[in-house]
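> Pasting a structure here, questions to come.
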Amino acid sequence: MAADLNRTIAPKDMFEELVVPEIEVLMRVARSLSEGQYEADDLVQETLLRAYRSIGSFDGAHVRAWLFTIMRNANMNRRRRKLPSLLGNAGLESFAEKSKGPEELTMDASTDGSVLRAVAQLSPKLLAVITLVDVDQLSYEEAALILEVPIGTVMSRLHRSRRRVRAMLQAGHLEGKADR
Amino acid sequence: MLEMLRRKGGLNCLEVARILQSYLDAEPGKYSVESVANHLQECRRCGLEASDYRIMKASLASAGQSVPEDSLQRIREFTAKLISEGPDDPSDAISSES
Ligand SMILES: [Zn+2]
């Protein structure tokens with residue numbers, strides 16, 4: 001079906017059909033890879049532009065993975081190896097103010113945004129993984145693609161970040177640094 | 001292997017700890033969903049841990065749900081323009097192809 005699409009539909013229509021529905025996902029991921037909203041929007045635009053240019057040679061399969069690869073390359077071009085800063089801490093903090101958690105809590109945590117404040121204190125590598133998986137809802141495979149690490153690395157970093165966040169929440173000390 | 005352990009009476013805490021994240025994220029892996037679920041129900045310590053992680057996940061997921069309306073608007077306009085007019089100047093757009 002995807003291959004069919006490629007043969008019978010013009011690139012422009014293919015773009016509308018396949019890429020446009022992914023825009024919000026791209027925006028969320030871009031936000032995780034950028035310092036602020038403007039930078040994120042810029043990254044999305046560049047990704048869309050590149051996608052538009054190369055959609056003629058795209059076979060139509062795994063569109064999200066294809067877009068993530070484009071975004072990753074675009075992002076790398078722009079900030080040469082600088083680690084994703086993941087919303088910057090300021091970004092997460094502002095989420096923390098707005099966010100409300102689910103009803104059934106065993107921890108004293110998620111109603112007041114302390115999960116987000118704890119997460120914001122993780123080291124950039126851990127922050128990147130937990131944000132991509134838990135905030136942006138990517139699969140391990142997708143996160144691995146974006147971060148250019150093996151899937152096993154995603155898993156171990158994710159496990160570490162969650163253990164750390166949980167420990168911070170249990171200890172209730174959200175001011176100090178908990179990088180390692 | 002896991003299958004054998006399960007038949008003998010389920011996973012132990014260490015085994016659950018190793019696969020708990022994948023289980024919570026509904027990621028594929030070499031584990032039986034049912035045996036993890038059983039352990040989480042029977043073992044208070046692991047059950048609480050899982051429930052903490054679920055809260056963390058839910059809390060973070062709710063933070064990621066929306067993108068700012070004005071940004072979305074801008075990107076949509078950009079996209080519409082891209083579709084109707086094509087990329088305006090190939091030379092000034094960042095190093096072409098993906
Ligand atoms: Zn247990």
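Naming scheme: A, B, ... for chains in displayed order of the structure tokens; residues 1 onward per chain; ligands 1 onward as shown.
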Distance limit 12 Å, reference ligand 1, atoms considered: only C-alpha atoms and all ligand atoms. Which residues make the cut? Give them as a count of residues only.
27
> Which residues, written as a PyMOL selection string, have at least one atom at most 8 Å from Ala61 of chain B, with only C-alpha atoms counted and residues fewer than 2 positions away on the same chain left out?
(chain A and resi 134-137) or (chain B and resi 57-59+63-65)
> Quick one: contact table of chain B to chain A, 8 Å max, nearest atom pair and distance in Å to one decimal per residue, counting only C-alpha atoms, chain and number order, as JSON lines?

```
{"residue": "B:Gln21", "atom": "CA", "partner": "A:His159", "partner_atom": "CA", "distance": 6.6}
{"residue": "B:Ser22", "atom": "CA", "partner": "A:Met155", "partner_atom": "CA", "distance": 7.9}
{"residue": "B:Glu27", "atom": "CA", "partner": "A:Ser139", "partner_atom": "CA", "distance": 7.3}
{"residue": "B:Leu48", "atom": "CA", "partner": "A:Thr106", "partner_atom": "CA", "distance": 7.8}
{"residue": "B:Ser51", "atom": "CA", "partner": "A:Thr106", "partner_atom": "CA", "distance": 7.3}
{"residue": "B:Asp52", "atom": "CA", "partner": "A:Met107", "partner_atom": "CA", "distance": 6.5}
{"residue": "B:Tyr53", "atom": "CA", "partner": "A:Arg162", "partner_atom": "CA", "distance": 7.1}
{"residue": "B:Ile55", "atom": "CA", "partner": "A:Ser110", "partner_atom": "CA", "distance": 6.7}
{"residue": "B:Met56", "atom": "CA", "partner": "A:Val115", "partner_atom": "CA", "distance": 6.2}
{"residue": "B:Lys57", "atom": "CA", "partner": "A:Asp134", "partner_atom": "CA", "distance": 5.7}
{"residue": "B:Ala58", "atom": "CA", "partner": "A:Gly101", "partner_atom": "CA", "distance": 6.8}
{"residue": "B:Ser59", "atom": "CA", "partner": "A:Gly101", "partner_atom": "CA", "distance": 5.0}
{"residue": "B:Leu60", "atom": "CA", "partner": "A:Val135", "partner_atom": "CA", "distance": 5.0}
{"residue": "B:Ala61", "atom": "CA", "partner": "A:Val135", "partner_atom": "CA", "distance": 4.7}
{"residue": "B:Ser62", "atom": "CA", "partner": "A:Ser99", "partner_atom": "CA", "distance": 6.9}
{"residue": "B:Ala63", "atom": "CA", "partner": "A:Phe95", "partner_atom": "CA", "distance": 6.0}
{"residue": "B:Gly64", "atom": "CA", "partner": "A:Val135", "partner_atom": "CA", "distance": 4.7}
{"residue": "B:Gln65", "atom": "CA", "partner": "A:Val135", "partner_atom": "CA", "distance": 7.7}
{"residue": "B:Val67", "atom": "CA", "partner": "A:Arg28", "partner_atom": "CA", "distance": 6.7}
{"residue": "B:Ser71", "atom": "CA", "partner": "A:Asp41", "partner_atom": "CA", "distance": 6.8}
{"residue": "B:Leu72", "atom": "CA", "partner": "A:Glu24", "partner_atom": "CA", "distance": 7.6}
{"residue": "B:Ile75", "atom": "CA", "partner": "A:Gln45", "partner_atom": "CA", "distance": 6.8}
{"residue": "B:Phe78", "atom": "CA", "partner": "A:Gln45", "partner_atom": "CA", "distance": 7.3}
{"residue": "B:Thr79", "atom": "CA", "partner": "A:Leu48", "partner_atom": "CA", "distance": 7.4}
{"residue": "B:Leu82", "atom": "CA", "partner": "A:Leu49", "partner_atom": "CA", "distance": 7.5}
{"residue": "B:Ile83", "atom": "CA", "partner": "A:Lys12", "partner_atom": "CA", "distance": 6.3}
{"residue": "B:Pro87", "atom": "CA", "partner": "A:Leu49", "partner_atom": "CA", "distance": 6.7}
{"residue": "B:Ile94", "atom": "CA", "partner": "A:Glu46", "partner_atom": "CA", "distance": 7.7}
{"residue": "B:Ser96", "atom": "CA", "partner": "A:Arg50", "partner_atom": "CA", "distance": 6.4}
{"residue": "B:Glu97", "atom": "CA", "partner": "A:Arg50", "partner_atom": "CA", "distance": 5.6}
{"residue": "B:Ser98", "atom": "CA", "partner": "A:Ile70", "partner_atom": "CA", "distance": 5.4}
```
